[in-house]
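For reference, input_31.cif is printed below; it contains mmCIF, C-alpha atoms.
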```
data_coords
loop_
_atom_site.label_atom_id
_atom_site.label_comp_id
_atom_site.auth_asym_id
_atom_site.auth_seq_id
_atom_site.Cartn_x
_atom_site.Cartn_y
_atom_site.Cartn_z
CA MET A 1224 13.55 23.59 43.73
CA VAL A 1225 11.86 24.38 40.48
CA THR A 1226 11.23 27.51 38.44
CA ALA A 1227 7.64 28.62 38.04
CA VAL A 1228 6.91 27.40 34.52
CA PHE A 1229 8.12 23.91 35.40
CA GLU A 1230 6.06 23.61 38.59
CA ASN A 1231 3.20 21.63 37.03
CA LEU A 1232 5.66 19.30 35.31
CA ALA A 1233 7.52 18.78 38.60
CA ARG A 1234 4.27 17.99 40.41
CA THR A 1235 3.24 15.55 37.66
CA ALA A 1236 6.63 13.82 37.87
CA ALA A 1237 6.50 13.71 41.68
CA ARG A 1238 3.01 12.16 41.61
CA ALA A 1239 4.16 9.62 39.04
CA GLN A 1240 7.08 8.64 41.26
CA GLY A 1241 4.79 8.18 44.28
CA TYR A 1242 5.45 11.50 46.04
CA PRO A 1243 2.25 13.50 45.52
CA ASP A 1244 3.00 15.78 48.47
CA LEU A 1245 6.64 16.44 47.64
CA ARG A 1246 7.59 19.84 49.07
CA MET A 1247 8.87 22.31 46.50
CA LEU A 1248 10.43 25.72 46.54
CA VAL A 1249 9.23 27.56 43.45
CA LEU A 1250 11.63 30.11 41.97
CA PRO A 1251 11.00 32.81 39.37
CA HIS A 1252 11.48 31.95 35.71
CA PRO A 1253 13.68 32.25 33.74
CA MET A 1254 16.88 31.87 35.70
CA GLU A 1255 19.69 31.68 33.16
CA SER A 1256 19.22 35.16 31.70
CA ARG A 1257 19.59 36.90 35.09
CA PRO A 1258 22.96 38.36 36.13
CA GLU A 1259 24.88 36.21 38.59
CA SER A 1260 24.58 38.87 41.30
CA GLU A 1261 20.79 38.73 41.05
CA VAL A 1262 20.75 34.93 41.22
CA ARG A 1263 23.02 35.00 44.27
CA ALA A 1264 20.75 37.55 45.96
CA MET A 1265 17.77 35.36 45.17
CA ALA A 1266 19.54 32.37 46.74
CA ARG A 1267 20.33 34.31 49.90
CA GLU A 1268 16.74 35.52 50.20
CA ARG A 1269 15.32 32.02 49.90
CA PHE A 1270 17.89 30.02 51.82
CA ALA A 1271 16.00 30.07 55.12
CA ALA A 1272 12.76 29.07 53.41
CA LEU A 1273 14.54 26.18 51.70
CA ILE A 1274 15.99 24.89 54.97
CA ALA A 1275 12.58 25.19 56.64
CA LEU A 1276 10.99 23.26 53.79
CA ILE A 1277 13.55 20.45 54.08
CA ALA A 1278 13.20 20.33 57.86
CA GLU A 1279 9.39 20.29 57.78
CA GLU A 1280 7.79 17.30 59.47
CA GLY A 1281 5.84 14.75 57.46
CA MET B 1129 -11.72 -13.15 17.30
CA ALA B 1130 -11.98 -11.27 20.59
CA ARG B 1131 -8.66 -11.34 22.44
CA GLY B 1132 -10.12 -10.70 25.86
CA THR B 1133 -12.23 -8.42 27.95
CA LEU B 1134 -11.45 -4.77 27.50
CA LEU B 1135 -10.95 -2.78 30.67
CA SER B 1136 -11.27 0.74 29.31
CA GLU B 1137 -14.14 2.86 30.51
CA ARG B 1138 -16.95 2.98 27.95
CA GLY B 1139 -18.33 6.30 26.79
CA SER B 1140 -21.23 7.19 24.55
CA VAL B 1141 -21.51 9.98 22.00
CA PRO B 1142 -23.97 10.58 19.13
CA ASP B 1143 -23.28 8.52 16.02
CA ASP B 1144 -21.84 11.46 14.14
CA PRO B 1145 -18.19 12.00 13.10
CA LEU B 1146 -18.21 15.63 14.20
CA ALA B 1147 -19.68 14.75 17.62
CA VAL B 1148 -16.95 12.15 18.18
CA PHE B 1149 -14.23 14.57 17.07
CA GLU B 1150 -15.52 17.33 19.34
CA HIS B 1151 -15.84 14.96 22.29
CA VAL B 1152 -12.25 13.73 21.90
CA GLU B 1153 -10.96 17.29 21.70
CA GLN B 1154 -12.98 18.37 24.75
CA GLN B 1155 -11.52 15.50 26.73
CA GLY B 1156 -8.00 16.50 25.68
CA TRP B 1157 -7.32 13.16 24.00
CA GLY B 1158 -6.67 14.44 20.49
CA ASP B 1159 -4.10 16.34 18.45
CA GLY B 1160 -6.50 18.72 16.74
CA LEU B 1161 -7.22 16.45 13.79
CA PRO B 1162 -10.31 14.26 13.23
CA VAL B 1163 -10.22 10.79 14.75
CA ILE B 1164 -11.71 7.38 14.14
CA PRO B 1165 -14.10 6.39 16.98
CA PRO B 1166 -12.44 3.64 19.04
CA THR B 1167 -15.42 1.30 19.21
CA GLU B 1168 -14.98 -2.04 20.95
CA GLU B 1169 -15.16 -3.83 17.60
CA ARG B 1170 -12.37 -1.72 16.12
CA VAL B 1171 -10.18 -2.08 19.20
CA GLN B 1172 -10.69 -5.85 19.17
CA ALA B 1173 -9.71 -5.94 15.49
CA MET B 1174 -6.49 -4.16 16.41
CA LEU B 1175 -5.82 -6.67 19.20
CA ASP B 1176 -6.13 -9.54 16.72
CA ALA B 1177 -2.79 -8.45 15.27
CA THR B 1178 -0.90 -9.62 18.37
CA PRO B 1179 -1.03 -12.64 20.68
CA LEU B 1180 -0.49 -10.37 23.67
CA PRO B 1181 -3.48 -10.02 26.02
CA PRO B 1182 -5.13 -6.59 26.28
CA ALA B 1183 -3.92 -6.05 29.84
CA HIS B 1184 -0.28 -6.80 29.01
CA VAL B 1185 1.89 -3.80 29.87
CA VAL B 1186 4.15 -3.08 26.91
CA ALA B 1187 5.92 -0.19 28.60
CA VAL B 1188 5.69 2.58 31.15
CA VAL B 1189 5.49 5.93 29.40
CA GLU B 1190 7.14 9.01 30.87
CA PRO B 1191 6.64 11.52 32.33
CA ARG B 1192 3.31 10.48 33.86
CA ARG B 1193 4.61 6.89 34.07
CA GLY B 1194 1.37 5.66 32.56
CA GLU B 1195 1.12 1.95 31.81
CA ALA B 1196 0.89 1.44 28.06
CA THR B 1197 -1.15 -1.74 27.95
CA VAL B 1198 -1.83 -3.42 24.64
CA GLU B 1199 -5.43 -2.24 24.97
CA LYS B 1200 -4.53 1.42 25.58
CA ILE B 1201 -2.16 1.37 22.63
CA ALA B 1202 -4.89 -0.22 20.49
CA VAL B 1203 -7.39 2.49 21.44
CA ASN B 1204 -4.93 5.18 20.38
CA ALA B 1205 -4.12 3.27 17.19
CA VAL B 1206 -7.81 3.31 16.25
CA LEU B 1207 -8.09 7.01 17.11
CA ALA B 1208 -5.11 7.74 14.85
CA GLY B 1209 -6.59 5.82 11.91
CA CYS B 1210 -4.17 2.87 11.87
CA THR B 1211 -5.06 -0.35 10.13
CA PRO B 1212 -4.73 -3.44 12.37
CA ALA B 1213 -1.82 -4.60 10.19
CA VAL B 1214 0.26 -1.69 11.47
CA PHE B 1215 -0.31 -2.58 15.12
CA PRO B 1216 2.81 -4.76 15.69
CA ALA B 1217 4.98 -1.96 14.30
CA LEU B 1218 3.30 0.45 16.71
CA LEU B 1219 3.94 -1.86 19.66
CA ALA B 1220 7.60 -2.07 18.63
CA ALA B 1221 7.73 1.73 18.32
CA VAL B 1222 6.34 2.09 21.85
CA GLU B 1223 8.97 -0.35 23.08
CA ALA B 1224 11.69 1.59 21.25
CA VAL B 1225 10.87 5.03 22.62
CA THR B 1226 10.52 3.71 26.17
CA GLU B 1227 13.99 2.18 26.30
CA PRO B 1228 15.96 4.21 28.87
CA GLN B 1229 18.57 5.10 26.25
CA PHE B 1230 15.95 6.93 24.21
CA ASN B 1231 15.21 9.11 27.24
CA LEU B 1232 11.53 9.76 26.57
CA TYR B 1233 11.17 11.65 29.84
CA ALA B 1234 13.49 14.31 28.48
CA LEU B 1235 11.87 14.34 25.05
CA ASN B 1236 8.43 14.77 26.55
CA THR B 1237 9.39 17.55 28.95
CA THR B 1238 12.15 19.53 27.26
CA THR B 1239 11.81 23.12 26.07
CA CYS B 1240 13.18 21.84 22.74
CA CYS B 1241 10.89 20.74 19.92
CA ALA B 1242 12.40 17.22 19.86
CA THR B 1243 10.17 14.35 18.85
CA PRO B 1244 10.60 10.69 17.92
CA ALA B 1245 11.02 10.08 14.20
CA LEU B 1246 10.21 6.52 13.16
CA MET B 1247 12.10 4.79 10.34
CA LEU B 1248 10.97 1.38 9.16
CA ASN B 1249 13.20 -1.21 7.53
CA GLY B 1250 12.82 -4.68 6.12
CA PRO B 1251 9.94 -6.42 4.35
CA GLY B 1252 7.37 -4.99 6.78
CA ARG B 1253 7.73 -1.60 5.09
CA ARG B 1254 6.30 -2.91 1.85
CA THR B 1255 3.63 -5.07 3.45
CA LEU B 1256 2.34 -2.12 5.46
CA GLY B 1257 2.59 0.35 2.58
CA ILE B 1258 5.13 2.55 4.31
CA GLU B 1259 6.29 5.19 1.85
CA CYS B 1260 10.05 5.46 1.34
CA GLY B 1261 10.25 7.68 -1.73
CA TYR B 1262 8.68 10.96 -2.79
CA SER B 1263 7.42 13.06 0.16
CA CYS B 1264 7.72 10.09 2.47
CA LEU B 1265 8.07 12.37 5.48
CA GLY B 1266 4.83 14.20 4.95
CA HIS B 1267 1.52 14.09 3.11
CA ASN B 1268 2.16 10.76 1.47
CA GLY B 1269 0.71 7.55 2.77
CA ARG B 1270 -1.78 6.44 5.39
CA ALA B 1271 0.64 4.04 7.09
CA ASN B 1272 3.30 6.74 7.55
CA ALA B 1273 0.82 9.31 8.84
CA THR B 1274 -1.16 7.08 11.17
CA LEU B 1275 1.71 5.09 12.67
CA GLY B 1276 3.57 8.23 13.70
CA ARG B 1277 0.35 9.84 14.89
CA ALA B 1278 -0.62 6.83 17.00
CA LEU B 1279 2.74 6.91 18.78
CA ARG B 1280 2.25 10.59 19.56
CA LEU B 1281 -1.27 9.89 20.92
CA VAL B 1282 0.15 7.15 23.16
CA MET B 1283 2.72 9.61 24.47
CA ARG B 1284 -0.04 12.13 25.10
CA ASN B 1285 -2.79 9.95 26.52
CA VAL B 1286 -0.69 7.40 28.39
CA GLY B 1287 2.50 9.36 29.04
CA GLY B 1288 0.77 12.64 29.86
CA SER B 1289 2.65 14.65 27.26
CA ILE B 1290 0.28 17.62 27.42
CA PRO B 1291 1.55 20.86 25.85
CA GLY B 1292 2.16 23.63 28.36
CA ALA B 1293 1.12 21.67 31.41
CA VAL B 1294 3.79 18.98 31.18
CA THR B 1295 5.50 19.30 27.82
CA LYS B 1296 7.51 22.49 27.88
CA SER B 1297 8.41 22.51 24.20
CA VAL B 1298 8.44 26.19 23.30
CA PHE B 1299 7.23 25.71 19.74
CA GLY B 1300 6.45 22.04 19.25
CA GLN B 1301 6.76 21.18 15.58
CA PRO B 1302 4.69 19.63 12.77
CA GLY B 1303 6.54 16.34 13.37
CA ARG B 1304 4.85 16.17 16.75
CA VAL B 1305 1.69 15.16 14.91
CA SER B 1306 3.44 12.39 12.98
CA LEU B 1307 6.94 11.70 11.73
CA CYS B 1308 7.36 8.28 10.15
CA PHE B 1309 8.91 6.94 6.95
CA GLY B 1310 10.72 3.94 5.54
CA GLU B 1311 14.27 3.60 4.31
CA TRP B 1312 14.30 3.07 0.55
CA GLU B 1313 16.58 0.08 0.83
CA GLU B 1314 16.07 -0.90 -2.81
CA ARG B 1315 17.55 2.43 -3.97
CA SER B 1316 20.39 2.52 -1.46
CA PRO B 1317 23.92 1.58 -2.57
CA TRP B 1318 24.66 0.35 0.95
CA GLN B 1319 23.32 -2.29 3.31
CA PRO B 1320 19.97 -1.34 4.84
CA PHE B 1321 20.16 0.57 8.09
CA HIS B 1322 18.78 -2.30 10.20
CA VAL B 1323 21.32 -4.77 8.73
CA ARG B 1324 24.09 -2.40 9.72
CA ARG B 1325 22.59 -2.56 13.23
CA GLY B 1326 22.87 -6.32 13.36
CA PHE B 1327 19.46 -7.47 12.11
CA ALA B 1328 18.87 -9.82 9.18
CA ALA B 1329 17.80 -8.33 5.87
CA ASP B 1330 14.44 -10.09 6.13
CA ASP B 1331 13.77 -8.78 9.63
CA SER B 1332 11.28 -5.95 9.89
CA THR B 1333 12.32 -3.18 12.24
CA VAL B 1334 11.31 0.21 13.49
CA THR B 1335 13.96 2.68 14.57
CA ALA B 1336 13.13 5.64 16.78
CA VAL B 1337 15.44 8.60 16.34
CA CYS B 1338 15.20 11.90 18.13
CA ALA B 1339 14.51 14.78 15.76
CA THR B 1340 14.31 18.47 16.54
CA GLY B 1341 13.08 18.80 12.99
CA THR B 1342 13.92 17.99 9.43
CA GLN B 1343 16.47 20.43 8.12
CA ASP B 1344 16.75 20.46 4.35
CA ILE B 1345 20.23 20.42 2.82
CA ALA B 1346 20.23 21.33 -0.85
CA ASP B 1347 23.07 20.97 -3.33
CA ILE B 1348 23.34 21.21 -7.09
CA TRP B 1349 27.07 21.89 -7.43
CA ALA B 1350 28.91 18.96 -5.86
CA GLU B 1351 30.44 16.78 -8.57
CA THR B 1352 32.13 14.34 -6.22
CA GLY B 1353 31.10 12.48 -3.12
CA GLU B 1354 33.72 14.31 -1.13
CA GLU B 1355 32.36 17.71 -2.15
CA LEU B 1356 28.88 16.59 -1.25
CA ILE B 1357 29.89 15.37 2.21
CA TRP B 1358 31.57 18.73 2.75
CA VAL B 1359 28.23 20.43 2.01
CA LEU B 1360 26.43 18.03 4.35
CA ALA B 1361 28.92 18.53 7.19
CA HIS B 1362 28.88 22.30 6.98
CA SER B 1363 25.09 22.34 6.89
CA ILE B 1364 24.79 20.57 10.25
CA ASP B 1365 27.50 22.34 12.23
CA TRP B 1366 25.61 25.51 13.02
CA ILE B 1367 26.16 26.96 16.49
CA GLY B 1368 22.50 26.94 17.51
CA ASN B 1369 22.37 23.20 16.96
CA ASN B 1370 20.83 21.69 20.09
CA LYS B 1371 23.47 18.95 19.95
CA VAL B 1372 26.09 21.58 20.81
CA LEU B 1373 24.50 22.06 24.23
CA VAL B 1374 25.52 18.58 25.44
CA ARG B 1375 28.81 16.73 25.64
CA GLN B 1376 30.20 15.60 22.31
CA GLU B 1377 30.00 11.91 23.19
CA GLN B 1378 26.26 12.08 23.89
CA GLY B 1379 23.52 11.29 21.40
CA ASP B 1380 23.25 10.35 17.75
CA MET B 1381 21.74 12.13 14.77
CA LEU B 1382 20.32 10.97 11.47
CA LEU B 1383 21.31 12.18 8.05
CA LEU B 1384 18.82 11.06 5.41
CA LEU B 1385 20.19 11.06 1.88
CA CYS B 1386 18.12 11.03 -1.28
CA PRO B 1387 19.07 8.11 -3.58
CA ASP B 1388 20.90 10.43 -5.97
CA PHE B 1389 23.16 11.78 -3.20
CA ALA B 1390 23.80 8.29 -1.83
CA HIS B 1391 24.84 6.97 -5.24
CA LYS B 1392 27.07 9.98 -5.91
CA ILE B 1393 28.94 9.27 -2.66
CA ALA B 1394 29.09 5.48 -3.18
CA ARG B 1395 30.21 5.91 -6.80
CA ASP B 1396 33.36 7.57 -5.51
CA GLY B 1397 34.16 4.57 -3.35
CA ILE B 1398 33.13 6.19 -0.07
CA ASP B 1399 31.44 3.75 2.25
CA ILE B 1400 29.39 4.62 5.32
CA PRO B 1401 32.19 4.32 7.92
CA GLN B 1402 34.34 6.61 5.79
CA MET B 1403 31.51 9.11 5.37
CA GLN B 1404 30.96 9.06 9.13
CA ARG B 1405 34.64 9.80 9.74
CA MET B 1406 34.51 12.70 7.28
CA LEU B 1407 31.40 14.10 8.95
CA LEU B 1408 33.07 13.81 12.35
CA GLU B 1409 36.14 15.67 11.13
CA TRP B 1410 34.32 18.38 9.18
CA THR B 1411 31.85 19.20 11.94
CA ARG B 1412 34.67 20.31 14.24
CA THR B 1413 33.72 23.95 14.32
CA PRO B 1414 36.22 26.81 14.89
CA ILE B 1415 35.44 28.52 18.17
CA GLU B 1416 35.53 31.85 16.33
CA ARG B 1417 32.04 31.04 15.07
CA TRP B 1418 30.75 31.69 18.59
CA HIS B 1419 30.56 35.09 20.21
CA ARG B 1420 33.72 35.76 22.19
CA ALA B 1421 31.67 36.00 25.41
CA HIS B 1422 30.65 32.35 24.95
CA TRP B 1423 34.18 30.97 24.68
CA PRO B 1424 34.75 30.61 28.45
CA LYS B 1425 31.34 28.96 28.82
CA LEU B 1426 32.22 26.37 26.17
CA GLU B 1427 35.63 25.86 27.79
CA GLN B 1428 34.17 25.47 31.29
CA ARG B 1429 32.04 22.63 29.99
CA GLY B 1430 35.01 20.95 28.36
CA TYR B 1431 33.57 21.36 24.86
CA VAL B 1432 36.70 22.91 23.30
CA GLU B 1433 39.62 20.99 21.79
CA GLY B 1434 42.39 23.39 20.87
CA ASN B 1435 40.42 26.03 19.02
CA VAL B 1436 37.57 23.88 17.75
CA VAL B 1437 34.27 22.64 19.18
CA PRO B 1438 33.52 19.12 17.90
CA LEU B 1439 29.88 18.27 17.24
CA ALA B 1440 30.42 14.60 18.13
CA ALA B 1441 33.07 12.33 19.58
CA ARG B 1442 32.70 9.19 17.46
CA PRO B 1443 31.85 8.56 13.79
CA GLU B 1444 29.01 6.21 14.73
CA GLN B 1445 27.04 9.14 16.18
CA PHE B 1446 26.22 10.11 12.58
CA LEU B 1447 23.45 7.76 11.45
CA ILE B 1448 22.98 7.53 7.70
CA ALA B 1449 20.03 6.18 5.72
CA VAL B 1450 18.52 6.59 2.27
CA ALA B 1451 14.99 7.73 1.39
CA GLY B 1452 13.15 10.31 -0.66
CA GLY B 1453 12.27 10.84 -4.28
CA GLU B 1454 14.37 10.23 -7.37
CA SER B 1455 14.38 13.92 -8.27
CA GLY B 1456 17.46 14.43 -6.11
CA HIS B 1457 19.31 17.53 -4.87
CA HIS B 1458 18.31 17.18 -1.21
CA ALA B 1459 19.25 15.56 2.08
CA LEU B 1460 17.56 15.94 5.43
CA TYR B 1461 19.26 16.35 8.76
CA PHE B 1462 17.45 15.20 11.89
CA CYS B 1463 19.17 17.22 14.55
CA THR B 1464 19.05 15.61 17.97
CA PHE B 1465 18.55 17.50 21.19
CA GLY B 1466 21.45 15.43 22.43
CA LEU B 1467 20.52 13.50 25.54
CA THR B 1468 19.10 10.58 23.59
CA TRP B 1469 20.17 7.53 21.59
CA SER B 1470 18.25 5.96 18.73
CA VAL B 1471 16.73 2.53 19.31
CA THR B 1472 15.83 -0.15 16.76
CA LYS B 1473 13.27 -2.88 17.52
CA CYS B 1474 12.29 -5.93 15.49
CA PHE B 1475 8.68 -6.95 14.81
CA THR B 1476 6.77 -9.47 12.72
CA LEU B 1477 3.44 -9.14 10.97
CA ASP B 1478 2.17 -12.72 11.18
CA GLY B 1479 0.16 -12.19 14.37
CA THR B 1480 2.64 -14.09 16.53
CA TRP B 1481 4.87 -11.22 17.56
CA SER B 1482 5.00 -10.61 21.30
CA GLY B 1483 7.87 -8.26 21.94
CA GLY B 1484 10.83 -7.01 20.05
CA GLU B 1485 14.47 -7.87 19.87
CA SER B 1486 16.50 -4.70 20.26
CA CYS B 1487 19.66 -3.43 18.62
CA PRO B 1488 22.70 -3.19 20.91
CA LEU B 1489 22.26 -0.12 23.10
CA PRO B 1490 24.99 2.14 24.42
CA ASP B 1491 25.61 2.64 28.11
CA ARG B 1492 23.53 5.49 29.37
CA SER B 1493 25.77 8.53 29.53
#
```
Re-express the file's structure as structure tokens.
Amino acid sequence: MVTAVFENLARTAARAQGYPDLRMLVLPHPMESRPESEVRAMARERFAALIALIAEEG
Amino acid sequence: MARGTLLSERGSVPDDPLAVFEHVEQQGWGDGLPVIPPTEERVQAMLDATPLPPAHVVAVVEPRRGEATVEKIAVNAVLAGCTPAVFPALLAAVEAVTEPQFNLYALNTTTCCATPALMLNGPGRRTLGIECGYSCLGHNGRANATLGRALRLVMRNVGGSIPGAVTKSVFGQPGRVSLCFGEWEERSPWQPFHVRRGFAADDSTVTAVCATGTQDIADIWAETGEELIWVLAHSIDWIGNNKVLVRQEQGDMLLLLCPDFAHKIARDGIDIPQMQRMLLEWTRTPIERWHRAHWPKLEQRGYVEGNVVPLAARPEQFLIAVAGGESGHHALYFCTFGLTWSVTKCFTLDGTWSGGESCPLPDRS
């Protein structure tokens, strides 16, 4: 998981480590200034997508 | 004498300084300042300063994990305007910042403005013309400006430290163009910094320290060394200090004293270990300095002892060196972003140097 402004950095780092096709779940940015209730809601909304991403073949 | 076949791709641009400058900028290889064209002849001249072959990999540079070969470093050294004499110091600097303890990945990707600051010690300073006195941290001296700049270009062109795309530093800072100076050992009342790190006085070394900037500390009132250290301590214990964001035992930070300050402190019989202990004690900041809403956050992280938040855990985390002009009244604080330790590497200038001895390094934590 990565927030939007760090996506290109994460993809650069993944390529450098030999994982050019690393699957990522991109979250809105910034995270730390949001109320906890909003972050929890965001987590609930994306949980299924995260599991699907992890379970994806290949 | 050619050291070997160069592997870099050759390019051709009109024989005009402006055309070269514009080409380098269009390719994204530069820092916005004019460059010296890295012709094969100039790169070979740089390689003559080391016995290492051009293809030798000095280090892997994060975050792109690019291989910093001697040749690639030489190309960037030419671009930056280095003389060949400086090249061994640059190789040592690349070795220093790529030690895991320095944590270059974090420096090159953080939102903070942190950058390596290079401090040279030993006879190599004088041979290379590294400025240690007046304005040594900026606008004084080709060796200072080009050595620091070359390291930054290596981080950019080999390590992929591209602003916005990879480097998330919100502001950057002027020191991200170049930040390099020498300790003025001859005007210090104490042993040179590299000797205190275990090197011989006649060793030449380069130390890489993380710096979020150079914060000026001015004083004209302190009559004793103790008063002066009080001023220093309470000028570096501000709550927005990036060091506060990490555990107290992590990272080290440099305090650079002008000769006048150093002699005022030494005159009163205060040696460096004692000064470090005083700094440790006097940078324990009352929690009341933070907004009440932040107290539980500091406590959750284990940053609070009683009712104070220490800046550091051990005296040795305060690095102390001497530089700057004789006019006095100022010190500089190089705040660290925290997750990094300074690294010192040895080099020689006789063309035989092929890799640097390192200072003892802490466990990574």
Requested in this report: Find the residues in chain B near chain A: any atom within 7 Å counts, using only C-alpha atoms. Write them as number ranges by chain.
Outcome: B: 1191-1193, 1293-1294
**Report entry** Contacts of segment 1264-1271 of chain A within 12 Å, only C-alpha atoms, excl. fewer than 3 positions in-chain, as a PyMOL selection string
**Finding:** chain A and resi 1224+1248-1252+1254+1257-1261+1274-1278
Emit as lines of an AutoDock Vina configuration file the padded axis-aligned box for all listed atoms of segment 1272-1275 of chain A, 3 Å per side, with centre and edge lengths in Å to one decimal.
```
center_x = 14.3
center_y = 27.0
center_z = 54.2
size_x = 9.4
size_y = 10.2
size_z = 10.9
```
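With all atoms listed in the file as the atoms that count, the residue of B:Pro1302, B:Gly1252, B:Gly1434, B:Gly1156 with the shortest distance to Asn1285 of chain B is B:Gly1156.
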Report task. Identify, on the basis of only C-alpha atoms, every residue whose closest approach to segment 1333-1347 of chain B does not exceed 8 Å; exclude the query and any residue fewer than 2 positions from it along the same chain; express the result as a PyMOL selection string. Result -> chain B and resi 1217+1220-1221+1224-1225+1230+1240-1250+1252+1301+1303+1322+1331+1349-1350+1356+1359-1360+1363+1381-1382+1457-1465+1468-1475
Report task. May I have the residues within 9 Å of Thr1239 of chain B as a list in words, using all atoms listed in the file and disregarding those fewer than 2 positions away in the same chain? Result -> Leu1235, Thr1237, Cys1241, Ala1242, Thr1295, Lys1296, Ser1297, Val1298, Phe1299 and Gly1300 of chain B
Query raised in the report: Could you work out how far atom CA of Pro1251 of chain B lies from atom CA of Asp1478 of chain B, giving the answer in Å with one decimal?
Result: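 Here the two named atoms are 12.1 Å from each other.
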Report summary line: From the list B:Ala1451, B:Leu1219, B:Ala1183, B:Val1171, the nearest residue to Arg1315 of chain B using only C-alpha atoms is B:Ala1451
Query - Point-to-point distance in Å for atom CA of Thr1413 of chain B and atom CA of Asp1365 of chain B - result: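 Going from atom CA of Asp1365 of chain B over to atom CA of Thr1413 of chain B, I get 6.8 Å.
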